[in-house]
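S.K.: Handing over input11.txt, compact mmCIF, C-alpha atoms.
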# COMPACT_ATOMS: atom_id res chain seq x y z
CA MET A 1 -34.46 117.41 -86.67
CA ARG A 2 -37.44 119.74 -86.49
CA ARG A 3 -40.15 118.85 -84.02
CA ILE A 4 -43.01 119.87 -86.30
CA ASP A 5 -41.58 117.76 -89.14
CA LEU A 6 -41.45 114.68 -86.90
CA MET A 7 -44.95 115.34 -85.59
CA ARG A 8 -46.24 115.61 -89.16
CA ARG A 9 -44.51 112.39 -90.14
CA LEU A 10 -45.95 110.70 -87.04
CA SER A 11 -49.42 112.09 -87.60
CA ALA A 12 -49.46 110.79 -91.17
CA MET A 13 -48.85 107.24 -89.87
CA LEU A 14 -51.66 107.19 -87.34
CA ARG A 15 -55.16 105.76 -87.51
CA GLU A 16 -56.78 104.65 -84.24
CA GLU A 17 -53.69 105.00 -82.08
CA VAL A 18 -53.84 107.14 -78.96
CA VAL A 19 -51.26 109.88 -78.52
CA VAL A 20 -50.73 111.58 -75.16
CA GLY A 21 -48.79 114.81 -75.60
CA GLY A 22 -46.82 116.31 -72.73
CA ILE A 23 -47.00 119.96 -71.79
CA GLY A 24 -45.64 122.84 -73.79
CA ASN A 25 -44.20 122.67 -77.25
CA THR A 26 -44.57 118.89 -77.36
CA ASN A 27 -48.34 118.96 -77.47
CA PHE A 28 -48.43 122.30 -79.31
CA ASP A 29 -46.73 120.75 -82.31
CA LEU A 30 -48.67 117.50 -81.92
CA PHE A 31 -51.79 119.62 -82.35
CA ALA A 32 -50.26 121.72 -85.12
CA ALA A 33 -49.44 118.59 -87.10
CA GLY A 34 -53.16 117.87 -87.34
CA HIS A 35 -55.69 117.55 -84.57
CA ARG A 36 -57.28 114.17 -84.07
CA PRO A 37 -59.62 113.28 -81.19
CA GLN A 38 -57.36 110.39 -80.17
CA ASN A 39 -54.80 113.00 -79.08
CA PHE A 40 -54.77 114.02 -75.42
CA TYR A 41 -53.22 117.41 -74.70
CA MET A 42 -52.00 118.08 -71.17
CA LEU A 43 -52.33 121.51 -69.57
CA GLY A 44 -50.17 120.90 -66.51
CA SER A 45 -49.09 117.80 -64.59
CA MET A 46 -45.58 118.07 -66.03
CA GLY A 47 -43.98 114.67 -66.49
CA LEU A 48 -47.17 112.64 -66.60
CA ALA A 49 -47.59 112.03 -70.34
CA CYS A 50 -45.98 108.60 -70.12
CA PRO A 51 -47.95 107.53 -67.01
CA ILE A 52 -51.21 108.70 -68.60
CA ALA A 53 -50.30 106.74 -71.73
CA LEU A 54 -49.56 103.69 -69.55
CA GLY A 55 -53.00 103.98 -67.95
CA VAL A 56 -54.71 104.11 -71.36
CA ALA A 57 -52.59 101.18 -72.55
CA LEU A 58 -53.66 99.07 -69.56
CA ALA A 59 -57.31 99.94 -70.02
CA GLN A 60 -57.29 99.30 -73.79
CA PRO A 61 -54.78 96.53 -74.47
CA GLN A 62 -56.02 96.14 -78.04
CA ARG A 63 -55.11 99.72 -78.94
CA GLN A 64 -51.64 101.10 -79.62
CA VAL A 65 -50.79 104.00 -77.32
CA ILE A 66 -48.02 106.56 -77.73
CA GLY A 67 -46.77 108.92 -75.03
CA ILE A 68 -44.67 111.89 -76.13
CA GLU A 69 -42.62 113.90 -73.66
CA GLY A 70 -40.02 116.62 -73.81
CA ASP A 71 -36.66 116.03 -72.18
CA GLY A 72 -37.37 118.36 -69.27
CA SER A 73 -40.67 116.66 -68.56
CA LEU A 74 -39.21 113.17 -68.67
CA LEU A 75 -36.36 114.23 -66.39
CA MET A 76 -38.96 115.32 -63.85
CA ASN A 77 -40.42 111.81 -63.68
CA LEU A 78 -37.74 109.30 -64.63
CA GLY A 79 -39.22 106.71 -62.30
CA CYS A 80 -42.05 106.13 -64.75
CA LEU A 81 -39.58 104.46 -67.12
CA ALA A 82 -38.89 101.79 -64.51
CA THR A 83 -42.60 101.33 -63.87
CA ILE A 84 -43.32 100.96 -67.58
CA ALA A 85 -40.46 98.48 -67.99
CA THR A 86 -41.83 96.46 -65.07
CA VAL A 87 -45.42 96.46 -66.27
CA ALA A 88 -44.17 95.89 -69.84
CA PRO A 89 -47.37 96.68 -71.73
CA GLU A 90 -47.22 95.29 -75.25
CA ASN A 91 -49.03 98.27 -76.75
CA LEU A 92 -47.07 101.26 -75.42
CA THR A 93 -44.53 103.40 -77.28
CA LEU A 94 -42.75 106.38 -75.75
CA ILE A 95 -41.21 109.21 -77.75
CA VAL A 96 -38.86 111.77 -76.24
CA MET A 97 -38.47 115.06 -78.07
CA ASP A 98 -35.10 116.15 -76.73
CA ASN A 99 -33.86 119.66 -77.46
CA ALA A 100 -31.74 119.72 -74.31
CA ALA A 101 -33.63 122.76 -73.04
CA TYR A 102 -36.57 123.91 -70.97
CA GLN A 103 -37.67 125.72 -74.09
CA ILE A 104 -40.96 127.12 -72.84
CA THR A 105 -39.43 128.75 -69.78
CA GLY A 106 -36.68 130.51 -71.67
CA GLY A 107 -34.37 127.82 -72.95
CA GLN A 108 -32.49 126.95 -69.80
CA PRO A 109 -30.39 123.85 -70.48
CA THR A 110 -31.67 120.52 -69.16
CA ALA A 111 -29.41 117.80 -67.85
CA SER A 112 -29.47 116.24 -71.30
CA ALA A 113 -27.48 119.24 -72.57
CA ALA A 114 -24.59 118.14 -70.38
CA SER A 115 -24.52 114.49 -69.53
CA ALA A 116 -27.87 112.74 -69.28
CA ASP A 117 -28.63 110.32 -72.12
CA LEU A 118 -32.36 109.68 -71.92
CA VAL A 119 -32.24 106.66 -74.22
CA ALA A 120 -29.53 105.08 -72.09
CA ILE A 121 -31.56 105.86 -68.97
CA ALA A 122 -34.62 104.19 -70.51
CA ARG A 123 -32.56 101.15 -71.44
CA GLY A 124 -31.11 101.08 -67.95
CA ALA A 125 -34.62 101.24 -66.51
CA GLY A 126 -35.42 98.10 -68.43
CA ILE A 127 -37.00 99.32 -71.67
CA ALA A 128 -34.70 97.24 -73.85
CA ARG A 129 -36.10 98.55 -77.12
CA SER A 130 -34.83 102.12 -76.69
CA ALA A 131 -32.89 103.97 -79.38
CA TRP A 132 -32.11 107.39 -80.79
CA ALA A 133 -33.64 108.17 -84.16
CA LEU A 134 -30.82 108.99 -86.57
CA ASP A 135 -32.89 111.14 -88.93
CA PRO A 136 -36.58 111.68 -89.82
CA ASP A 137 -36.74 108.56 -91.99
CA ASP A 138 -35.22 106.49 -89.21
CA PHE A 139 -37.74 108.05 -86.79
CA VAL A 140 -40.60 106.87 -89.00
CA ARG A 141 -39.06 103.39 -89.31
CA GLN A 142 -38.66 103.14 -85.55
CA VAL A 143 -42.22 104.27 -84.85
CA GLU A 144 -43.53 101.76 -87.38
CA SER A 145 -41.47 99.02 -85.77
CA ALA A 146 -42.53 100.01 -82.25
CA LEU A 147 -46.21 99.96 -83.17
CA HIS A 148 -45.82 96.34 -84.29
CA ALA A 149 -43.53 95.23 -81.48
CA LYS A 150 -44.65 93.25 -78.45
CA GLY A 151 -43.56 95.23 -75.46
CA PRO A 152 -42.76 98.86 -74.67
CA SER A 153 -40.39 100.91 -76.82
CA LEU A 154 -38.78 104.30 -76.44
CA ILE A 155 -37.63 106.45 -79.33
CA GLY A 156 -35.43 109.45 -78.68
CA ALA A 157 -35.38 112.30 -81.17
CA ARG A 158 -32.84 115.10 -80.92
CA ILE A 159 -34.71 118.16 -82.12
CA ASP A 160 -34.09 121.86 -82.52
CA ALA A 161 -35.58 124.61 -80.41
CA ALA A 162 -37.88 126.08 -83.05
CA ALA A 163 -41.09 127.55 -81.67
CA ALA A 164 -44.19 125.43 -82.07
CA VAL A 165 -46.32 126.40 -85.04
CA GLY A 166 -49.72 126.12 -83.32
CA GLN A 167 -51.43 125.44 -80.02
CA PRO A 168 -54.58 123.56 -79.01
CA ALA A 169 -57.30 125.48 -77.20
CA ARG A 170 -56.86 125.26 -73.44
CA ASP A 171 -60.26 123.66 -73.02
CA PRO A 172 -59.85 120.61 -70.80
CA ALA A 173 -63.52 119.63 -70.81
CA GLN A 174 -63.56 119.46 -74.60
CA ILE A 175 -60.17 117.76 -74.85
CA ARG A 176 -61.18 115.02 -72.43
CA ASP A 177 -64.69 114.57 -73.76
CA ARG A 178 -63.62 114.23 -77.39
CA PHE A 179 -60.75 111.99 -76.38
CA MET A 180 -63.02 109.63 -74.48
CA GLN A 181 -65.59 109.58 -77.27
CA ALA A 182 -62.81 108.64 -79.70
CA LEU A 183 -61.77 105.84 -77.34
CA GLY A 184 -65.35 104.62 -77.09
CA THR A 185 -65.53 105.23 -73.36
CA ARG A 186 -67.98 108.11 -73.42
CA LYS A 187 -71.04 108.82 -75.52
CA ASP A 188 -72.49 112.07 -76.70
CA PHE A 189 -75.81 111.90 -74.83
CA GLY A 190 -77.49 113.87 -77.60
CA ALA A 191 -76.38 111.48 -80.33
CA ARG A 192 -79.01 109.44 -82.13
CA ARG A 193 -78.93 105.75 -81.55
CA GLY A 194 -77.97 103.89 -84.68
CA MET B 195 -73.94 85.84 -43.36
CA PRO B 196 -71.13 86.93 -41.05
CA SER B 197 -71.76 90.08 -39.08
CA ALA B 198 -69.69 93.14 -39.89
CA SER B 199 -67.61 92.65 -36.77
CA ASP B 200 -66.39 89.27 -38.02
CA ARG B 201 -64.90 90.82 -41.13
CA VAL B 202 -61.52 92.42 -41.63
CA TRP B 203 -61.44 96.01 -42.89
CA SER B 204 -59.14 95.16 -45.78
CA ASP B 205 -61.43 92.37 -47.01
CA VAL B 206 -64.35 94.80 -47.00
CA VAL B 207 -62.29 97.25 -49.08
CA LEU B 208 -61.35 94.56 -51.60
CA GLU B 209 -64.94 93.32 -51.90
CA THR B 210 -66.25 96.85 -52.32
CA LEU B 211 -63.71 97.62 -55.04
CA LYS B 212 -64.74 94.47 -56.90
CA ALA B 213 -68.42 95.24 -56.50
CA ASN B 214 -67.73 98.60 -58.16
CA ASP B 215 -65.69 97.10 -61.00
CA VAL B 216 -62.50 98.83 -59.87
CA ARG B 217 -60.00 96.66 -61.73
CA LEU B 218 -56.81 98.68 -61.65
CA ALA B 219 -55.02 99.10 -58.31
CA VAL B 220 -52.05 101.46 -58.39
CA TYR B 221 -50.07 101.80 -55.21
CA VAL B 222 -46.98 103.16 -53.56
CA PRO B 223 -46.18 100.75 -50.74
CA ASP B 224 -47.12 101.31 -47.11
CA LYS B 225 -47.14 98.92 -44.19
CA ILE B 226 -50.77 99.48 -43.21
CA LEU B 227 -51.78 98.83 -46.81
CA ILE B 228 -50.09 95.39 -46.90
CA PRO B 229 -53.35 93.40 -46.79
CA LEU B 230 -54.75 95.51 -49.64
CA ILE B 231 -51.58 95.32 -51.71
CA ASP B 232 -51.27 91.58 -51.13
CA GLY B 233 -54.97 91.22 -51.88
CA VAL B 234 -54.90 93.00 -55.24
CA CYS B 235 -51.66 91.27 -56.26
CA ALA B 236 -53.08 87.82 -55.47
CA ASP B 237 -56.46 88.28 -57.13
CA PRO B 238 -56.55 88.05 -60.94
CA PHE B 239 -59.59 90.33 -60.92
CA PHE B 240 -57.21 93.19 -60.28
CA ASN B 241 -54.42 94.60 -62.36
CA ALA B 242 -51.92 95.76 -59.72
CA VAL B 243 -49.25 98.33 -60.53
CA CYS B 244 -46.59 99.56 -58.13
CA ALA B 245 -45.69 103.18 -58.99
CA THR B 246 -42.41 104.81 -58.07
CA ARG B 247 -44.13 107.99 -56.96
CA GLU B 248 -47.66 109.12 -56.26
CA GLU B 249 -47.79 111.74 -59.06
CA GLU B 250 -47.02 109.00 -61.54
CA ALA B 251 -49.85 106.96 -60.05
CA VAL B 252 -52.29 109.83 -60.56
CA GLY B 253 -51.32 109.87 -64.23
CA ILE B 254 -51.80 106.11 -64.60
CA CYS B 255 -55.21 106.24 -62.93
CA ALA B 256 -56.29 109.21 -65.05
CA GLY B 257 -55.26 107.47 -68.26
CA ALA B 258 -57.00 104.27 -67.22
CA TRP B 259 -60.24 106.14 -66.51
CA MET B 260 -60.20 107.80 -69.91
CA GLY B 261 -59.54 104.39 -71.41
CA GLY B 262 -62.58 102.95 -69.66
CA MET B 263 -61.10 101.28 -66.59
CA ARG B 264 -61.82 102.27 -62.99
CA SER B 265 -58.94 102.41 -60.58
CA ILE B 266 -57.93 102.97 -56.98
CA LEU B 267 -54.78 104.78 -55.92
CA MET B 268 -53.38 103.56 -52.60
CA MET B 269 -50.74 105.54 -50.76
CA GLN B 270 -49.64 106.94 -47.43
CA THR B 271 -50.40 110.45 -46.16
CA SER B 272 -46.80 111.48 -46.89
CA GLY B 273 -47.36 110.42 -50.50
CA PHE B 274 -50.40 112.63 -50.73
CA GLY B 275 -48.04 115.52 -50.18
CA ASN B 276 -46.44 114.67 -53.52
CA ILE B 277 -49.57 115.08 -55.60
CA PRO B 278 -51.40 118.41 -55.25
CA ASN B 279 -50.31 119.62 -58.69
CA ALA B 280 -51.23 116.35 -60.38
CA LEU B 281 -54.64 116.48 -58.73
CA ALA B 282 -55.14 120.16 -59.55
CA SER B 283 -53.91 120.26 -63.14
CA LEU B 284 -54.98 116.79 -64.26
CA ALA B 285 -57.70 115.13 -62.17
CA VAL B 286 -59.61 118.28 -61.19
CA THR B 287 -58.94 120.22 -64.40
CA TYR B 288 -60.12 117.37 -66.64
CA GLN B 289 -62.86 116.15 -64.27
CA ILE B 290 -61.37 112.70 -63.82
CA PRO B 291 -62.55 110.56 -60.88
CA VAL B 292 -59.22 109.48 -59.44
CA ILE B 293 -60.05 107.76 -56.14
CA LEU B 294 -57.44 108.04 -53.43
CA LEU B 295 -57.22 105.57 -50.56
CA ILE B 296 -54.79 107.01 -48.06
CA SER B 297 -53.20 105.22 -45.13
CA GLU B 298 -52.98 107.74 -42.31
CA ARG B 299 -49.67 108.31 -40.61
CA GLY B 300 -48.90 111.25 -38.39
CA ALA B 301 -51.76 110.93 -35.93
CA LEU B 302 -52.92 108.87 -32.94
CA GLY B 303 -49.58 107.58 -31.77
CA GLU B 304 -47.18 108.55 -34.54
CA PHE B 305 -43.57 107.98 -33.51
CA ASN B 306 -41.85 109.63 -36.49
CA VAL B 307 -42.09 113.40 -36.48
CA GLY B 308 -41.21 113.36 -40.17
CA GLN B 309 -44.65 111.87 -40.82
CA VAL B 310 -46.62 114.34 -38.75
CA TRP B 311 -46.65 117.49 -40.83
CA SER B 312 -47.24 115.96 -44.25
CA SER B 313 -50.29 114.13 -42.92
CA ARG B 314 -51.84 117.46 -42.00
CA VAL B 315 -51.93 118.71 -45.59
CA VAL B 316 -54.51 116.16 -46.76
CA ALA B 317 -57.69 117.84 -45.55
CA PRO B 318 -56.73 121.44 -46.40
CA VAL B 319 -55.49 120.48 -49.89
CA CYS B 320 -58.65 118.50 -50.59
CA ALA B 321 -60.74 121.42 -49.32
CA ALA B 322 -58.83 123.87 -51.50
CA LEU B 323 -59.35 121.68 -54.58
CA GLY B 324 -62.99 120.90 -53.82
CA ILE B 325 -62.23 117.18 -53.52
CA PRO B 326 -64.65 115.32 -51.21
CA HIS B 327 -62.68 113.66 -48.44
CA HIS B 328 -63.67 111.40 -45.58
CA ALA B 329 -61.89 109.60 -42.79
CA ILE B 330 -62.89 105.96 -42.35
CA GLU B 331 -62.69 105.20 -38.66
CA ARG B 332 -65.06 102.28 -38.04
CA LEU B 333 -65.29 98.87 -39.64
CA GLU B 334 -69.04 99.17 -40.08
CA ASP B 335 -68.53 102.34 -42.17
CA VAL B 336 -65.95 100.98 -44.62
CA GLU B 337 -68.32 99.60 -47.22
CA PHE B 338 -70.74 102.53 -47.09
CA ILE B 339 -68.12 105.27 -47.34
CA LEU B 340 -66.03 103.54 -50.00
CA ASP B 341 -68.97 102.34 -52.09
CA ARG B 342 -70.77 105.68 -52.01
CA SER B 343 -67.58 107.64 -52.64
CA ILE B 344 -66.71 105.59 -55.73
CA LYS B 345 -70.24 105.97 -57.06
CA GLN B 346 -70.29 109.71 -56.39
CA ALA B 347 -66.85 110.22 -57.93
CA VAL B 348 -67.94 108.47 -61.11
CA ALA B 349 -71.35 110.17 -61.25
CA THR B 350 -69.96 113.65 -60.63
CA GLN B 351 -66.65 113.19 -62.49
CA SER B 352 -64.67 114.28 -59.48
CA PRO B 353 -61.73 112.85 -57.57
CA ALA B 354 -62.34 111.59 -54.04
CA ALA B 355 -60.05 111.05 -51.06
CA LEU B 356 -60.57 108.51 -48.28
CA VAL B 357 -58.29 108.39 -45.27
CA LEU B 358 -57.87 105.08 -43.45
CA SER B 359 -57.70 106.15 -39.80
CA PRO B 360 -55.64 104.27 -37.19
CA LEU B 361 -58.98 103.88 -35.42
CA LEU B 362 -59.83 101.46 -38.22
CA THR B 363 -56.49 99.91 -39.09
CA GLY B 364 -54.66 100.03 -35.78
CA GLY B 365 -52.06 102.28 -37.36
CA LYS B 366 -48.35 101.76 -37.12
CA VAL B 367 -46.69 101.76 -33.72
CA PHE B 368 -43.20 101.37 -32.32
CA ALA B 369 -41.98 97.82 -32.37
CA ALA B 370 -41.91 96.52 -28.79
Please express what this file holds, its structure, as C-alpha cells.
M.R.:
Amino acid sequence: MRRIDLMRRLSAMLREEVVVGGIGNTNFDLFAAGHRPQNFYMLGSMGLACPIALGVALAQPQRQVIGIEGDGSLLMNLGCLATIATVAPENLTLIVMDNAAYQITGGQPTASAASADLVAIARGAGIARSAWALDPDDFVRQVESALHAKGPSLIGARIDAAAAVGQPARDPAQIRDRFMQALGTRKDFGARRG
Amino acid sequence: MPSASDRVWSDVVLETLKANDVRLAVYVPDKILIPLIDGVCADPFFNAVCATREEEAVGICAGAWMGGMRSILMMQTSGFGNIPNALASLAVTYQIPVILLISERGALGEFNVGQVWSSRVVAPVCAALGIPHHAIERLEDVEFILDRSIKQAVATQSPAALVLSPLLTGGKVFAA
C-alpha cells in the first residue's frame, strides 16, 4: 500500500478527530493529504506520537483521537502500547505505517523487516483490537470500526517506501497554537467575541 | 488551622496540585514518591497513569496540556536522565508547560553509586534548556515553590522542574 493513498483515505473520513503524526514521512504525508488544524505534527521526540495522542484522549474523552507512528518510531517506545492497553481509553486509535525501514535516515531495515510483528506486539501488550489492514479498503473499514469502538485499537498498514509528497512547515509555535485553537483549549486573543 | 509543621510534605503537594487544577498525574514509580502515588491513585480528583518510561510520560503530559488538562510528571532523578530530548524537542520546542516533580537520589547519603551520576545531570540539563528548576528542601517552602512554579509554567508556557530534596523527604537510606 502507498502511505499517501492511506493518508488521503484517512483524511477524507475525518471531521473533528485529532490526529497526532509521528516524525518524518508519517507526518509529512499526513500533511500532504490535506492540512487540518486538528493535526499535530511532531518535529522530534521520536516515538511519542502515541503517548501524545493518549494525553489528548485523556483530556478530551468526548473526542476521537488517532496517533500515527512509523515502525521505527514505535519500536523506539514499545512500552507505550502496554500503558495504553492498561489505561484503555475508549477514544484512542493507533495506526502504524510499517515499511520495515528507517526510511528518513537512508532506509536501514527495522526489526520489523526481519522478525518483529508490531500488530502481534500490540496484541501481546493488551490492545486486543489490533490487526493488519489487508488492503486500502480494509484499512478504511478498520479505521471506521475503530472510531466507533469502545476501547483502544491498533491498525497496522504495510506500506511502501515512497518519498512523502509534501511537508508541513517546521513552525512549532503555529502548529501548537492552531492545534489548541481547533481543540478549543486556546483562544486567539485578537478574535472578536461572538 | 494546623501549622505548617503539623503537615506532611506529600499532603501539601497533593493539596497544591488540586488547588491548581492539576488533574492528571503521570508517574514512573519511586519509593520516596509512594505517598504521592498512593495519594493520586486513591483520590478520584486525579487521573493517575503509570508510564513505562519517562519520555513516554512527557508525551502524555504534553498531549494532555494541549487537550486542556494540566498534569504533573513524577519521577526519580535517574528517570530525568531519560528525557532531555523529549523536553528539548517537544516541551521546550512547542512551549508546553510540562511540570516535573523529581525525587532526588544520588545525594545526601546515597548508597547506590549507580544513582549518583544521573542525579547530577538535572540542573545542567535544565540550565541548558532554559527550564526553571528549584530544589524543595523545607516543608514550609513546598506550597510556595510548587504553587508558584505551576502558575509560572502555565503563564509563561514553559516546562518547570522541581527536585524533592532528601532534606524534605528524608531520602532513601540503607535498610538497617
S.K.: For B:Leu230, which residue out of B:Ala213, B:Leu267, B:Ala282, B:Gly275 is the nearest one, using only C-alpha atoms?
M.R.: B:Leu267
S.K.: Please report as JSON, numbers by chain which residues of chain A come no farther than 6 Å from chain B, using only C-alpha atoms.
M.R.: {"A": [44, 45, 48, 51, 52, 54, 55, 56, 59, 79, 172, 173, 180, 185]}
S.K.: Find the spatial neighbours of B:Thr363, counting all atoms listed in the file, within a cut-off of 9 Å - ignore same-chain residues fewer than 2 positions away - and output them as a list in words.
M.R.: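 Listed by chain and then number, they are Trp203, Ser204, Ile226, Ser297, Glu331, Arg332, Leu333, Leu358, Ser359, Pro360, Leu361, Gly365 and Lys366 of chain B.
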S.K.: Quick one: residues within 10 Å of stretch 339-348 of chain B, all atoms listed in the file counted, chain neighbours fewer than 4 positions away excluded, as a ChimeraX atom specification?
M.R.: /B:206-207,209-211,213-214,216,259,264-266,289-295,325-330,334-335,352-356
S.K.: Could you check how far atom CA of B:Ala236 sits from atom CA of A:Cys50, in Å to one decimal?
M.R.: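 Spanning atom CA of B:Ala236 to atom CA of A:Cys50 is a straight-line distance of 26.4 Å.
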S.K.: Which of these residues is nearest to A:Gly106, using all atoms listed in the file: A:Ala149, A:Ala161, A:Asp5, A:Gly166?
M.R.: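 Under the stated criterion, the closest residue is A:Ala161.
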S.K.: Would you kindly return, as a ChimeraX atom specification, each protein, DNA or RNA residue with an atom no farther than 10 Å from any atom of B:Val310, considering only C-alpha atoms and excluding same-chain residues fewer than 6 positions away?
M.R.: /B:271-272,298-301,304
S.K.: Taking N, CA and C atoms as the atom set, what does stretch 127-144 of chain A look like once completed, written as a short mmCIF file (atom, residue, chain, number, x, y, z; two decimals), keeping the file's coordinate frame?
M.R.:
data_model
loop_
_atom_site.label_atom_id
_atom_site.label_comp_id
_atom_site.auth_asym_id
_atom_site.auth_seq_id
_atom_site.Cartn_x
_atom_site.Cartn_y
_atom_site.Cartn_z
N ILE A 127 -36.31 99.28 -70.36
CA ILE A 127 -37.00 99.32 -71.67
C ILE A 127 -35.93 99.00 -72.72
N ALA A 128 -35.81 97.71 -73.02
CA ALA A 128 -34.70 97.24 -73.85
C ALA A 128 -34.75 97.85 -75.25
N ARG A 129 -35.96 98.01 -75.77
CA ARG A 129 -36.10 98.55 -77.12
C ARG A 129 -36.13 100.08 -77.03
N SER A 130 -34.98 100.67 -76.81
CA SER A 130 -34.83 102.12 -76.69
C SER A 130 -33.69 102.55 -77.61
N ALA A 131 -33.95 103.54 -78.45
CA ALA A 131 -32.89 103.97 -79.38
C ALA A 131 -33.12 105.41 -79.81
N TRP A 132 -32.02 106.06 -80.18
CA TRP A 132 -32.11 107.39 -80.79
C TRP A 132 -32.47 107.24 -82.27
N ALA A 133 -33.36 108.11 -82.73
CA ALA A 133 -33.64 108.17 -84.16
C ALA A 133 -32.49 108.94 -84.83
N LEU A 134 -31.98 108.38 -85.92
CA LEU A 134 -30.82 108.99 -86.57
C LEU A 134 -31.21 110.17 -87.45
N ASP A 135 -32.39 110.08 -88.05
CA ASP A 135 -32.89 111.14 -88.93
C ASP A 135 -34.40 110.93 -89.07
N PRO A 136 -35.11 111.82 -89.74
CA PRO A 136 -36.58 111.68 -89.82
C PRO A 136 -37.04 110.36 -90.43
N ASP A 137 -36.34 109.85 -91.40
CA ASP A 137 -36.74 108.56 -91.99
C ASP A 137 -36.56 107.43 -90.98
N ASP A 138 -35.46 107.50 -90.23
CA ASP A 138 -35.22 106.49 -89.21
C ASP A 138 -36.27 106.60 -88.10
N PHE A 139 -36.68 107.83 -87.77
CA PHE A 139 -37.74 108.05 -86.79
C PHE A 139 -39.02 107.33 -87.24
N VAL A 140 -39.39 107.52 -88.47
CA VAL A 140 -40.60 106.87 -89.00
C VAL A 140 -40.46 105.35 -88.95
N ARG A 141 -39.29 104.85 -89.34
CA ARG A 141 -39.06 103.39 -89.31
C ARG A 141 -39.19 102.86 -87.88
N GLN A 142 -38.61 103.61 -86.94
CA GLN A 142 -38.66 103.14 -85.55
C GLN A 142 -40.08 103.17 -84.99
N VAL A 143 -40.82 104.21 -85.34
CA VAL A 143 -42.22 104.27 -84.85
C VAL A 143 -43.00 103.09 -85.44
N GLU A 144 -42.83 102.87 -86.72
CA GLU A 144 -43.53 101.76 -87.38
C GLU A 144 -43.18 100.43 -86.70
#
